[in-house]
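**Q** Handing you a structure now.
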Amino acid sequence: MTQTTAQPQTTAQRIATPRHYLMCPPTYFDVVYAINPWMDPSSPVDTAKALAQWEVLRATYEARGHRVDVIEPEPGLPDMVYAANGGIVVGGRALAARFTYPERAAEGPAYDRWFDTPAAQGYRRLGEAVETMEGEGDLLLIGKVLLAGTGFRTTPAGHAEVAERLELAEQGIELVPLELVDPRYYHLDTALSVLDDGAVSGETVVAYHPEAFSPAAQETLRRLFPDAILVGAEDAAVLGLNVVSDGLHVFLSERARDYADALKERGFVPVGIDLSEIFKGGGSVKCCTLELRPDAAAATATTEETPR
Ligand SMILES: CN(C)C(=N)NCCC[C@H](N)C(=O)O
């Protein structure tokens, strides 16, 4: 069970900061192969319903003031809706994914090409990864730490390539590997939510399902985040941890009830979303959302150069 208490556990001020997201409509979404335990090709998918649910998610972000860009979906790539897997963008540097399974291989080049479009102006296109690396599925930034999942998809060599090509050391970012051990939680973002990077509130907050991690990774998480929200089996099993947070609003599966209560106690505003069709492919809110993080230094320089 998710650990909750009756009283608010924080005095920290939660403040939403505007984000830039990339999403891909589920126009060609289907479950025609099984590469994770959630996928059952014999169970029918209602693509029109998936599209309607996805539109609600997009509109919900926009209503909260976030910018959403959309990548053109490609026929024959039914998992392309899971934009978070398409790459990783930190400090304006964009590295496209290299997928584990051949069924998704063509998504890497598709996401890479998007970084050459006018909407991607301001982001530096680094091309595709050479090593296996499934983007924000396994790589979650919190402040100056990049939490990096491994065990099922992204490899340690993929982590090393990310560190080098995104120039993490130069950006003052430390990569922290975390081993996943339960095949249902095959990507880091199915087992851990980044809720607050502490930039505004001064309090870094994550939530995670401890049993999804190796004993060593659990120890690392306890050390880094002693006040984390621990999410129980029931909420984890509806992919409740697969959330997007803007520092105040936490967009998550409407089925993760205890987790939503725990979020309220910590001063967040949970925003429940129904993605029941997209869930059939083994993903939820976060999977549909790639966060694009501009180069803060370049943005500051541009602001300073702008005549008043
Ligand atoms: C949390 N994220 C981004 C994900 N978990 N992605 C969903 C990927 C689903 C796809 N069928 C696959 O197995 O690759």
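FYI, nothing fancy with the structure tokens labels: chains A, B, ... in order, residues from 1 per chain, ligands from 1 as they appear.
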Residues within 9 Å of ligand 1, counting only C-alpha atoms and all ligand atoms: report them as JSON, numbers by chain.

**A** {"A": [31, 33, 34, 35, 36, 37, 38, 39, 78, 79, 80, 81, 82, 83, 84, 85, 86, 99, 100, 101, 103, 104, 134, 135, 136, 137, 138, 153, 185, 186, 187, 188, 189, 190, 191, 239, 242, 243, 278, 279, 280, 281, 282, 283, 284, 285, 286, 287, 288, 289, 290]}

**Q** With N, CA and C atoms kept, could you save the residues just selected as a compact mmCIF listing (two decimals), in the first residue's frame?

**A**
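What follows is the written file selection-v1.txt:
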# COMPACT_ATOMS: atom_id res chain seq x y z
N VAL A 31 -1.77 -3.13 -30.68
CA VAL A 31 -0.91 -4.10 -29.99
C VAL A 31 -0.83 -5.34 -30.89
N TYR A 33 2.34 -6.99 -31.37
CA TYR A 33 3.44 -7.82 -30.90
C TYR A 33 3.51 -7.63 -29.38
N ALA A 34 4.29 -8.48 -28.72
CA ALA A 34 4.38 -8.38 -27.26
C ALA A 34 5.86 -8.28 -26.87
N ILE A 35 6.26 -7.09 -26.43
CA ILE A 35 7.65 -6.92 -26.00
C ILE A 35 7.72 -6.50 -24.53
N ASN A 36 6.57 -6.50 -23.87
CA ASN A 36 6.56 -6.33 -22.41
C ASN A 36 5.35 -7.09 -21.88
N PRO A 37 5.33 -7.39 -20.57
CA PRO A 37 4.29 -8.27 -20.04
C PRO A 37 2.88 -7.68 -20.08
N TRP A 38 2.74 -6.39 -20.36
CA TRP A 38 1.41 -5.78 -20.41
C TRP A 38 0.74 -6.00 -21.75
N MET A 39 1.50 -6.33 -22.78
CA MET A 39 0.97 -6.38 -24.14
C MET A 39 0.37 -7.75 -24.46
N PRO A 78 3.40 1.12 -34.29
CA PRO A 78 2.26 1.25 -33.38
C PRO A 78 2.63 1.76 -31.99
N ASP A 79 3.92 1.68 -31.62
CA ASP A 79 4.34 2.16 -30.29
C ASP A 79 4.87 3.59 -30.32
N MET A 80 4.77 4.25 -31.47
CA MET A 80 5.36 5.59 -31.56
C MET A 80 4.67 6.60 -30.66
N VAL A 81 3.44 6.27 -30.23
CA VAL A 81 2.72 7.14 -29.29
C VAL A 81 3.52 7.37 -28.00
N TYR A 82 4.42 6.42 -27.67
CA TYR A 82 5.18 6.54 -26.42
C TYR A 82 6.39 7.45 -26.65
N ALA A 83 6.10 8.74 -26.78
CA ALA A 83 7.12 9.72 -27.16
C ALA A 83 8.29 9.78 -26.17
N ALA A 84 8.01 9.48 -24.90
CA ALA A 84 9.08 9.57 -23.91
C ALA A 84 10.25 8.66 -24.25
N ASN A 85 9.98 7.60 -25.01
CA ASN A 85 11.05 6.67 -25.38
C ASN A 85 11.86 7.16 -26.57
N GLY A 86 11.40 8.24 -27.21
CA GLY A 86 12.03 8.67 -28.46
C GLY A 86 13.41 9.29 -28.31
N PHE A 99 16.53 1.61 -29.99
CA PHE A 99 15.62 0.70 -29.30
C PHE A 99 16.16 -0.72 -29.16
N THR A 100 15.69 -1.40 -28.12
CA THR A 100 16.09 -2.78 -27.83
C THR A 100 15.54 -3.74 -28.88
N TYR A 101 14.24 -3.55 -29.20
CA TYR A 101 13.57 -4.51 -30.07
C TYR A 101 13.45 -3.97 -31.49
N GLU A 103 11.15 -4.24 -33.56
CA GLU A 103 9.81 -3.70 -33.86
C GLU A 103 9.77 -2.18 -33.70
N ARG A 104 10.62 -1.63 -32.83
CA ARG A 104 10.58 -0.18 -32.57
C ARG A 104 11.79 0.56 -33.18
N GLU A 134 16.65 3.95 -24.37
CA GLU A 134 15.23 4.21 -24.66
C GLU A 134 14.74 5.51 -24.02
N GLY A 135 15.55 6.55 -24.20
CA GLY A 135 15.12 7.90 -23.87
C GLY A 135 14.65 8.06 -22.44
N GLU A 136 13.62 8.89 -22.31
CA GLU A 136 13.10 9.18 -20.96
C GLU A 136 12.34 8.01 -20.36
N GLY A 137 12.19 6.93 -21.11
CA GLY A 137 11.66 5.72 -20.47
C GLY A 137 12.58 5.31 -19.33
N ASP A 138 13.90 5.45 -19.55
CA ASP A 138 14.89 5.02 -18.56
C ASP A 138 15.72 6.16 -17.98
N ARG A 153 16.06 -2.63 -20.68
CA ARG A 153 16.16 -1.92 -21.95
C ARG A 153 17.50 -1.18 -22.05
N TYR A 185 8.02 -3.76 -14.72
CA TYR A 185 8.53 -2.38 -14.58
C TYR A 185 9.85 -2.29 -15.32
N TYR A 186 9.73 -2.43 -16.63
CA TYR A 186 10.88 -2.61 -17.52
C TYR A 186 11.57 -1.30 -17.85
N HIS A 187 10.86 -0.19 -17.66
CA HIS A 187 11.45 1.14 -17.85
C HIS A 187 11.46 1.84 -16.50
N LEU A 188 12.45 2.69 -16.28
CA LEU A 188 12.51 3.42 -15.00
C LEU A 188 11.22 4.21 -14.74
N ASP A 189 10.64 4.78 -15.79
CA ASP A 189 9.48 5.65 -15.55
C ASP A 189 8.19 4.87 -15.30
N THR A 190 8.26 3.54 -15.28
CA THR A 190 7.12 2.75 -14.82
C THR A 190 7.22 2.49 -13.31
N ALA A 191 8.40 2.79 -12.73
CA ALA A 191 8.67 2.43 -11.33
C ALA A 191 9.00 3.63 -10.46
N LEU A 239 0.28 1.23 -13.51
CA LEU A 239 1.30 2.15 -14.03
C LEU A 239 1.08 3.56 -13.48
N ASN A 242 3.81 6.27 -13.60
CA ASN A 242 4.18 6.81 -14.91
C ASN A 242 3.53 8.19 -15.09
N VAL A 243 4.09 9.18 -14.38
CA VAL A 243 3.45 10.49 -14.30
C VAL A 243 4.31 11.59 -14.94
N ILE A 278 -4.24 3.22 -24.23
CA ILE A 278 -2.79 3.29 -24.38
C ILE A 278 -2.08 2.41 -23.35
N PHE A 279 -2.74 2.16 -22.23
CA PHE A 279 -2.24 1.24 -21.20
C PHE A 279 -2.02 -0.16 -21.78
N LYS A 280 -2.80 -0.53 -22.79
CA LYS A 280 -2.71 -1.89 -23.36
C LYS A 280 -1.35 -2.16 -24.00
N GLY A 281 -0.62 -1.09 -24.34
CA GLY A 281 0.72 -1.27 -24.90
C GLY A 281 1.80 -1.25 -23.82
N GLY A 282 1.38 -1.00 -22.56
CA GLY A 282 2.36 -1.00 -21.46
C GLY A 282 2.88 0.38 -21.13
N GLY A 283 2.02 1.38 -21.30
CA GLY A 283 2.47 2.74 -20.98
C GLY A 283 1.32 3.59 -20.48
N SER A 284 1.66 4.74 -19.90
CA SER A 284 0.63 5.64 -19.42
C SER A 284 1.05 7.08 -19.71
N VAL A 285 0.76 7.98 -18.77
CA VAL A 285 0.91 9.42 -19.04
C VAL A 285 2.33 9.81 -19.44
N LYS A 286 3.29 9.43 -18.62
CA LYS A 286 4.68 9.83 -18.89
C LYS A 286 5.16 9.27 -20.22
N CYS A 287 4.78 8.02 -20.49
CA CYS A 287 5.23 7.40 -21.75
C CYS A 287 4.84 8.23 -22.96
N CYS A 288 3.74 8.94 -22.86
CA CYS A 288 3.24 9.71 -24.01
C CYS A 288 3.88 11.09 -24.10
N THR A 289 4.84 11.39 -23.24
CA THR A 289 5.29 12.78 -23.08
C THR A 289 6.81 12.87 -22.98
N LEU A 290 7.43 13.43 -23.99
CA LEU A 290 8.87 13.67 -23.93
C LEU A 290 9.09 15.12 -23.53

**Q** Taking the DSSP assignment computed from this structure's backbone, write out as a list in words all residues of stretch 138-204 of chain A that belong to strand (DSSP E or B).

**A**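 So the strand (DSSP E or B) residues in stretch 138-204 of chain A would be Leu139, Leu140, Leu141, Ile142, Val145, Leu146, Leu147, Ala148, Gly149, Thr150, Glu174, Leu175, Val176, Pro177, Leu178, Glu179, Leu180, Leu192, Ser193, Val194, Leu195, Asp196, Asp197 and Thr204 of chain A.
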
**Q** What lies within 10 Å of stretch 249-266 of chain A using only C-alpha atoms, ignoring chain neighbours under 3 positions off, as a compact mmCIF listing (two decimals) with C-alpha atoms, in the first residue's frame?

**A**
# COMPACT_ATOMS: atom_id res chain seq x y z
CA MET A 1 0.00 0.00 0.00
CA THR A 2 1.17 3.52 -0.77
CA GLN A 3 2.38 5.18 2.43
CA THR A 4 0.06 8.01 3.40
CA THR A 5 -0.68 9.95 6.57
CA ALA A 6 -3.73 11.98 7.51
CA GLN A 7 -1.94 15.33 7.76
CA PRO A 8 -0.05 17.24 5.07
CA GLN A 9 3.58 16.23 5.41
CA THR A 10 5.10 19.37 3.98
CA THR A 11 5.20 23.10 4.24
CA ALA A 12 7.05 23.35 0.91
CA GLN A 13 5.49 25.63 -1.68
CA ARG A 14 4.66 23.78 -4.86
CA ILE A 15 4.78 25.99 -7.92
CA ALA A 16 4.14 24.98 -11.52
CA THR A 17 6.77 26.01 -14.05
CA LEU A 57 -4.06 14.57 -22.15
CA THR A 60 -4.93 19.10 -20.18
CA TYR A 61 -1.26 20.09 -20.51
CA ARG A 64 -2.14 24.34 -17.55
CA SER A 193 8.11 9.44 -10.65
CA VAL A 194 10.06 12.69 -10.54
CA LEU A 195 7.72 15.11 -8.78
CA ASP A 196 9.74 18.16 -7.76
CA VAL A 205 10.59 14.79 -4.23
CA ALA A 207 7.98 8.51 -5.59
CA ILE A 229 6.76 8.62 -1.39
CA LEU A 230 6.76 4.82 -1.47
CA VAL A 231 4.10 3.49 -3.81
CA GLY A 232 2.52 0.10 -3.21
CA GLU A 234 -1.70 -1.86 -6.38
CA ASP A 235 -0.94 1.63 -7.67
CA ALA A 236 2.27 0.47 -9.37
CA ALA A 237 0.28 -2.21 -11.23
CA VAL A 238 -1.91 0.40 -12.94
CA LEU A 239 1.30 2.15 -14.03
CA GLY A 240 0.41 4.87 -11.54
CA LEU A 241 4.04 5.93 -11.23
CA ASN A 242 4.18 6.81 -14.91
CA VAL A 243 3.45 10.49 -14.30
CA VAL A 244 4.34 13.95 -15.54
CA SER A 245 4.80 16.69 -12.94
CA ASP A 246 5.21 20.42 -13.54
CA VAL A 269 -2.38 18.66 -7.20
CA PRO A 270 -3.06 15.28 -8.82
CA VAL A 271 -4.77 15.48 -12.21
CA GLY A 272 -6.31 12.10 -13.06
CA ILE A 273 -6.19 11.01 -16.70
CA ASP A 274 -7.87 8.04 -18.37
CA LEU A 275 -5.50 6.37 -20.84
CA SER A 276 -7.04 2.89 -20.67
CA PHE A 279 -2.24 1.24 -21.20
CA SER A 284 0.63 5.64 -19.42
CA VAL A 285 0.91 9.42 -19.04
CA LYS A 286 4.68 9.83 -18.89

**Q** To one decimal place in Å, what is the distance between atom CA of A:Arg67 and atom CA of A:Gly92?

**A**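 These atoms are spaced 15.6 Å apart.
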
**Q** Would you mind reading off the distance between atom CA of A:Glu128 and atom CA of A:Phe29, one decimal, in Å?

**A**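 According to the coordinates, atom CA of A:Glu128 and atom CA of A:Phe29 are separated by 23.0 Å.
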
**Q** Separation of atom CA of A:Gly151 and atom CA of A:Leu139, in Å?

**A**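 Separating atom CA of A:Gly151 from atom CA of A:Leu139 is a distance of 12.8 Å.
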
**Q** For A:Thr204, find every residue with an atom within 9 Å (counting only C-alpha atoms), except residues of its own chain fewer than 3 positions away, and show them as JSON, numbers by chain.

**A** {"A": [142, 143, 194, 195, 196, 197, 198, 199, 201, 225, 227, 228]}

**Q** Could you write out the selected residues, including C-alpha atoms, as a PDB file, in the first residue's frame?

**A**
ATOM      1  CA  ILE A 142      15.893  15.605 -11.187  1.00  0.00           C
ATOM      2  CA  GLY A 143      17.862  18.783 -10.630  1.00  0.00           C
ATOM      3  CA  VAL A 194      10.061  12.687 -10.538  1.00  0.00           C
ATOM      4  CA  LEU A 195       7.721  15.113  -8.782  1.00  0.00           C
ATOM      5  CA  ASP A 196       9.744  18.161  -7.758  1.00  0.00           C
ATOM      6  CA  ASP A 197      13.349  19.010  -8.608  1.00  0.00           C
ATOM      7  CA  GLY A 198      13.521  21.446  -5.701  1.00  0.00           C
ATOM      8  CA  ALA A 199      14.408  24.432  -7.907  1.00  0.00           C
ATOM      9  CA  SER A 201      10.349  24.662  -3.442  1.00  0.00           C
ATOM     10  CA  PHE A 225      15.671  10.550  -1.348  1.00  0.00           C
ATOM     11  CA  ASP A 227      11.620  11.407   2.168  1.00  0.00           C
ATOM     12  CA  ALA A 228      10.364   9.752  -1.003  1.00  0.00           C
TER      13      ALA A 228
END

**Q** Using only C-alpha atoms, which of A:Ala217, A:Leu146, A:Val200, A:Ala120 sits nearest A:Gln171?

**A**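 Looking only at the distances to A:Gln171, the closest residue turns out to be A:Leu146.
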
**Q** So, with only C-alpha atoms as the atoms that count, which of A:Leu224, A:Val181, A:Val32, A:Ile71 lies closest to A:Glu211?

**A**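 Between A:Leu224, A:Val181, A:Val32, A:Ile71, the residue approaching A:Glu211 most closely is A:Val181.
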
**Q** Ranking A:Pro294, A:Gly127, A:Pro18, A:Pro177 by minimum distance to A:Ala216 and counting only C-alpha atoms, which one comes first?

**A**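 Looking only at the distances to A:Ala216, the closest residue turns out to be A:Pro177.
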
**Q** Can you list, as a short mmCIF file (atom, residue, chain, number, x, y, z; two decimals) with all heavy atoms, in the first residue's frame, all residues belonging to stretch 196-293 of chain A that DSSP tags as helix (DSSP H, G or I)?

**A**
data_model
loop_
_atom_site.label_atom_id
_atom_site.label_comp_id
_atom_site.auth_asym_id
_atom_site.auth_seq_id
_atom_site.Cartn_x
_atom_site.Cartn_y
_atom_site.Cartn_z
N PRO A 210 9.46 0.32 -4.40
CA PRO A 210 10.77 -0.25 -4.05
C PRO A 210 11.03 -1.62 -4.67
O PRO A 210 12.15 -1.89 -5.14
CB PRO A 210 10.72 -0.35 -2.52
CG PRO A 210 9.69 0.65 -2.10
CD PRO A 210 8.70 0.74 -3.22
N GLU A 211 10.01 -2.47 -4.71
CA GLU A 211 10.22 -3.85 -5.18
C GLU A 211 10.62 -3.93 -6.66
O GLU A 211 11.06 -4.99 -7.12
CB GLU A 211 8.97 -4.70 -4.94
CG GLU A 211 8.67 -4.97 -3.48
CD GLU A 211 8.00 -3.79 -2.76
OE1 GLU A 211 7.62 -2.81 -3.44
OE2 GLU A 211 7.89 -3.84 -1.52
N ALA A 212 10.47 -2.85 -7.39
CA ALA A 212 10.88 -2.87 -8.80
C ALA A 212 12.40 -2.78 -8.96
O ALA A 212 12.93 -2.99 -10.06
CB ALA A 212 10.22 -1.71 -9.55
N PRO A 215 18.28 -4.64 -4.66
CA PRO A 215 18.62 -4.14 -3.32
C PRO A 215 19.61 -2.97 -3.36
O PRO A 215 19.46 -1.99 -2.62
CB PRO A 215 19.23 -5.37 -2.64
CG PRO A 215 18.57 -6.53 -3.33
CD PRO A 215 18.38 -6.10 -4.77
N ALA A 216 20.59 -3.04 -4.25
CA ALA A 216 21.57 -1.94 -4.33
C ALA A 216 20.90 -0.64 -4.78
O ALA A 216 21.17 0.45 -4.26
CB ALA A 216 22.71 -2.32 -5.27
N ALA A 217 20.00 -0.76 -5.76
CA ALA A 217 19.31 0.44 -6.24
C ALA A 217 18.39 1.00 -5.16
O ALA A 217 18.26 2.23 -5.01
CB ALA A 217 18.51 0.12 -7.51
N GLN A 218 17.74 0.12 -4.41
CA GLN A 218 16.88 0.59 -3.31
C GLN A 218 17.70 1.38 -2.30
O GLN A 218 17.27 2.40 -1.77
CB GLN A 218 16.20 -0.58 -2.61
CG GLN A 218 15.14 -1.26 -3.47
CD GLN A 218 14.41 -2.36 -2.71
OE1 GLN A 218 14.19 -2.27 -1.51
NE2 GLN A 218 14.04 -3.41 -3.42
N GLU A 219 18.91 0.88 -2.04
CA GLU A 219 19.79 1.57 -1.08
C GLU A 219 20.15 2.97 -1.62
O GLU A 219 20.12 3.97 -0.90
CB GLU A 219 21.05 0.70 -0.86
CG GLU A 219 22.06 1.23 0.12
CD GLU A 219 21.44 1.61 1.46
OE1 GLU A 219 20.57 0.87 1.95
OE2 GLU A 219 21.83 2.69 2.00
N THR A 220 20.48 3.01 -2.91
CA THR A 220 20.81 4.31 -3.53
C THR A 220 19.63 5.27 -3.42
O THR A 220 19.80 6.45 -3.07
CB THR A 220 21.16 4.09 -5.03
OG1 THR A 220 22.24 3.19 -5.11
CG2 THR A 220 21.52 5.40 -5.71
N LEU A 221 18.43 4.77 -3.69
CA LEU A 221 17.25 5.65 -3.64
C LEU A 221 16.98 6.13 -2.22
O LEU A 221 16.64 7.30 -2.01
CB LEU A 221 16.02 4.91 -4.20
CG LEU A 221 16.04 4.71 -5.72
CD1 LEU A 221 14.95 3.73 -6.17
CD2 LEU A 221 15.86 6.05 -6.44
N ARG A 222 17.18 5.23 -1.24
CA ARG A 222 16.97 5.66 0.17
C ARG A 222 17.96 6.76 0.55
O ARG A 222 17.63 7.71 1.25
CB ARG A 222 17.14 4.47 1.12
CG ARG A 222 15.89 3.61 1.26
CD ARG A 222 16.00 2.67 2.45
NE ARG A 222 17.07 1.69 2.30
CZ ARG A 222 16.91 0.51 1.72
NH1 ARG A 222 15.73 0.15 1.25
NH2 ARG A 222 17.93 -0.33 1.62
N ARG A 223 19.19 6.60 0.06
CA ARG A 223 20.24 7.58 0.40
C ARG A 223 19.94 8.93 -0.27
O ARG A 223 20.02 9.98 0.37
CB ARG A 223 21.59 7.03 -0.07
CG ARG A 223 22.78 7.96 0.18
CD ARG A 223 24.11 7.28 -0.15
NE ARG A 223 24.18 6.70 -1.48
CZ ARG A 223 24.38 7.38 -2.60
NH1 ARG A 223 24.50 8.70 -2.57
NH2 ARG A 223 24.44 6.76 -3.77
N LEU A 224 19.57 8.89 -1.53
CA LEU A 224 19.35 10.15 -2.26
C LEU A 224 18.03 10.83 -1.85
O LEU A 224 17.94 12.06 -1.83
CB LEU A 224 19.30 9.90 -3.77
CG LEU A 224 20.61 9.53 -4.46
CD1 LEU A 224 20.34 9.24 -5.94
CD2 LEU A 224 21.61 10.67 -4.34
N ALA A 233 2.05 -1.95 -4.38
CA ALA A 233 1.88 -2.82 -5.54
C ALA A 233 0.63 -2.47 -6.36
O ALA A 233 0.66 -2.49 -7.59
CB ALA A 233 1.81 -4.27 -5.07
N GLU A 234 -0.45 -2.11 -5.65
CA GLU A 234 -1.70 -1.86 -6.38
C GLU A 234 -1.60 -0.67 -7.33
O GLU A 234 -1.99 -0.75 -8.49
CB GLU A 234 -2.80 -1.58 -5.35
CG GLU A 234 -4.13 -2.18 -5.70
CD GLU A 234 -5.09 -2.00 -4.54
OE1 GLU A 234 -4.82 -2.52 -3.44
OE2 GLU A 234 -6.08 -1.31 -4.76
N ASP A 235 -1.06 0.43 -6.83
CA ASP A 235 -0.94 1.63 -7.67
C ASP A 235 0.15 1.46 -8.73
O ASP A 235 0.03 1.97 -9.85
CB ASP A 235 -0.65 2.87 -6.82
CG ASP A 235 -1.90 3.36 -6.11
OD1 ASP A 235 -3.01 2.92 -6.48
OD2 ASP A 235 -1.77 4.17 -5.19
N ALA A 236 1.20 0.72 -8.38
CA ALA A 236 2.27 0.47 -9.37
C ALA A 236 1.70 -0.35 -10.53
O ALA A 236 2.03 -0.11 -11.69
CB ALA A 236 3.44 -0.25 -8.72
N ARG A 257 -5.33 5.59 -6.97
CA ARG A 257 -6.05 6.38 -5.95
C ARG A 257 -5.20 6.71 -4.71
O ARG A 257 -5.15 7.85 -4.26
CB ARG A 257 -7.31 5.63 -5.52
CG ARG A 257 -8.27 5.38 -6.64
CD ARG A 257 -9.23 6.57 -6.82
NE ARG A 257 -9.97 6.46 -8.06
CZ ARG A 257 -10.96 5.58 -8.28
NH1 ARG A 257 -11.33 4.76 -7.34
NH2 ARG A 257 -11.58 5.55 -9.44
N ASP A 258 -4.56 5.68 -4.12
CA ASP A 258 -3.78 5.92 -2.90
C ASP A 258 -2.62 6.87 -3.20
O ASP A 258 -2.29 7.75 -2.40
CB ASP A 258 -3.19 4.62 -2.34
CG ASP A 258 -4.25 3.77 -1.67
OD1 ASP A 258 -5.37 4.28 -1.47
OD2 ASP A 258 -3.96 2.60 -1.36
N TYR A 259 -2.03 6.66 -4.36
CA TYR A 259 -0.91 7.53 -4.75
C TYR A 259 -1.39 8.97 -4.88
O TYR A 259 -0.73 9.91 -4.42
CB TYR A 259 -0.30 7.00 -6.05
CG TYR A 259 0.91 7.75 -6.57
CD1 TYR A 259 1.75 8.47 -5.72
CD2 TYR A 259 1.24 7.70 -7.92
CE1 TYR A 259 2.87 9.14 -6.22
CE2 TYR A 259 2.36 8.36 -8.42
CZ TYR A 259 3.15 9.09 -7.58
OH TYR A 259 4.25 9.74 -8.06
N ALA A 260 -2.57 9.17 -5.47
CA ALA A 260 -3.11 10.54 -5.61
C ALA A 260 -3.30 11.16 -4.22
O ALA A 260 -3.00 12.35 -4.02
CB ALA A 260 -4.42 10.51 -6.39
N ASP A 261 -3.77 10.37 -3.26
CA ASP A 261 -3.94 10.90 -1.90
C ASP A 261 -2.59 11.30 -1.30
O ASP A 261 -2.46 12.34 -0.65
CB ASP A 261 -4.61 9.86 -0.99
CG ASP A 261 -6.08 9.67 -1.33
OD1 ASP A 261 -6.64 10.56 -2.01
OD2 ASP A 261 -6.65 8.64 -0.93
N ALA A 262 -1.60 10.44 -1.51
CA ALA A 262 -0.26 10.75 -0.98
C ALA A 262 0.30 12.02 -1.61
O ALA A 262 0.97 12.82 -0.94
CB ALA A 262 0.68 9.57 -1.24
N LEU A 263 0.00 12.23 -2.88
CA LEU A 263 0.47 13.45 -3.56
C LEU A 263 -0.16 14.69 -2.94
O LEU A 263 0.52 15.70 -2.70
CB LEU A 263 0.14 13.38 -5.06
CG LEU A 263 0.99 12.40 -5.86
CD1 LEU A 263 0.37 12.15 -7.23
CD2 LEU A 263 2.41 12.92 -6.01
N LYS A 264 -1.45 14.60 -2.64
CA LYS A 264 -2.14 15.75 -2.02
C LYS A 264 -1.50 16.07 -0.68
O LYS A 264 -1.30 17.24 -0.33
CB LYS A 264 -3.61 15.41 -1.81
CG LYS A 264 -4.44 15.50 -3.06
CD LYS A 264 -5.92 15.31 -2.72
CE LYS A 264 -6.67 14.72 -3.90
NZ LYS A 264 -7.85 13.98 -3.55
N GLU A 265 -1.18 15.03 0.08
CA GLU A 265 -0.58 15.26 1.40
C GLU A 265 0.77 15.95 1.31
O GLU A 265 1.21 16.60 2.26
CB GLU A 265 -0.43 13.93 2.14
CG GLU A 265 -1.78 13.39 2.62
CD GLU A 265 -1.72 11.96 3.06
OE1 GLU A 265 -0.61 11.39 3.13
OE2 GLU A 265 -2.79 11.39 3.33
N SER A 276 -6.85 4.35 -20.74
CA SER A 276 -7.04 2.89 -20.67
C SER A 276 -6.63 2.17 -21.97
O SER A 276 -6.14 1.04 -21.92
CB SER A 276 -8.49 2.57 -20.34
OG SER A 276 -9.34 3.14 -21.32
N GLU A 277 -6.79 2.80 -23.11
CA GLU A 277 -6.41 2.12 -24.37
C GLU A 277 -4.89 2.08 -24.51
O GLU A 277 -4.31 1.04 -24.84
CB GLU A 277 -7.04 2.83 -25.57
CG GLU A 277 -8.52 2.59 -25.72
CD GLU A 277 -8.88 1.11 -25.73
OE1 GLU A 277 -8.40 0.36 -26.59
OE2 GLU A 277 -9.67 0.70 -24.85
N ILE A 278 -4.24 3.22 -24.23
CA ILE A 278 -2.79 3.29 -24.38
C ILE A 278 -2.08 2.41 -23.35
O ILE A 278 -0.99 1.87 -23.59
CB ILE A 278 -2.37 4.78 -24.32
CG1 ILE A 278 -2.83 5.44 -25.63
CG2 ILE A 278 -0.88 4.95 -24.11
CD1 ILE A 278 -2.79 6.93 -25.65
N PHE A 279 -2.74 2.16 -22.23
CA PHE A 279 -2.24 1.24 -21.20
C PHE A 279 -2.02 -0.16 -21.78
O PHE A 279 -1.13 -0.90 -21.35
CB PHE A 279 -3.28 1.20 -20.07
CG PHE A 279 -2.94 0.28 -18.94
CD1 PHE A 279 -2.08 0.67 -17.93
CD2 PHE A 279 -3.50 -1.00 -18.86
CE1 PHE A 279 -1.77 -0.17 -16.87
CE2 PHE A 279 -3.19 -1.86 -17.82
CZ PHE A 279 -2.32 -1.44 -16.82
N LYS A 286 3.29 9.43 -18.62
CA LYS A 286 4.68 9.83 -18.89
C LYS A 286 5.16 9.27 -20.22
O LYS A 286 5.87 9.94 -20.98
CB LYS A 286 5.60 9.39 -17.73
CG LYS A 286 7.07 9.59 -17.98
CD LYS A 286 7.42 11.06 -18.24
CE LYS A 286 8.78 11.16 -18.89
NZ LYS A 286 9.01 12.49 -19.48
N CYS A 287 4.78 8.02 -20.49
CA CYS A 287 5.23 7.40 -21.75
C CYS A 287 4.84 8.23 -22.96
O CYS A 287 5.53 8.20 -23.98
CB CYS A 287 4.59 6.03 -21.93
SG CYS A 287 4.98 4.88 -20.66
N CYS A 288 3.74 8.94 -22.86
CA CYS A 288 3.24 9.71 -24.01
C CYS A 288 3.88 11.09 -24.10
O CYS A 288 3.48 11.89 -24.96
CB CYS A 288 1.72 9.89 -23.89
SG CYS A 288 0.83 8.35 -23.99
#

**Q** Which residue out of A:Arg19, A:Ala97, A:Ser42, A:Glu55 has the minimum interatomic distance to A:Gly247 when only C-alpha atoms are used?

**A**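 Closest candidate: A:Arg19.
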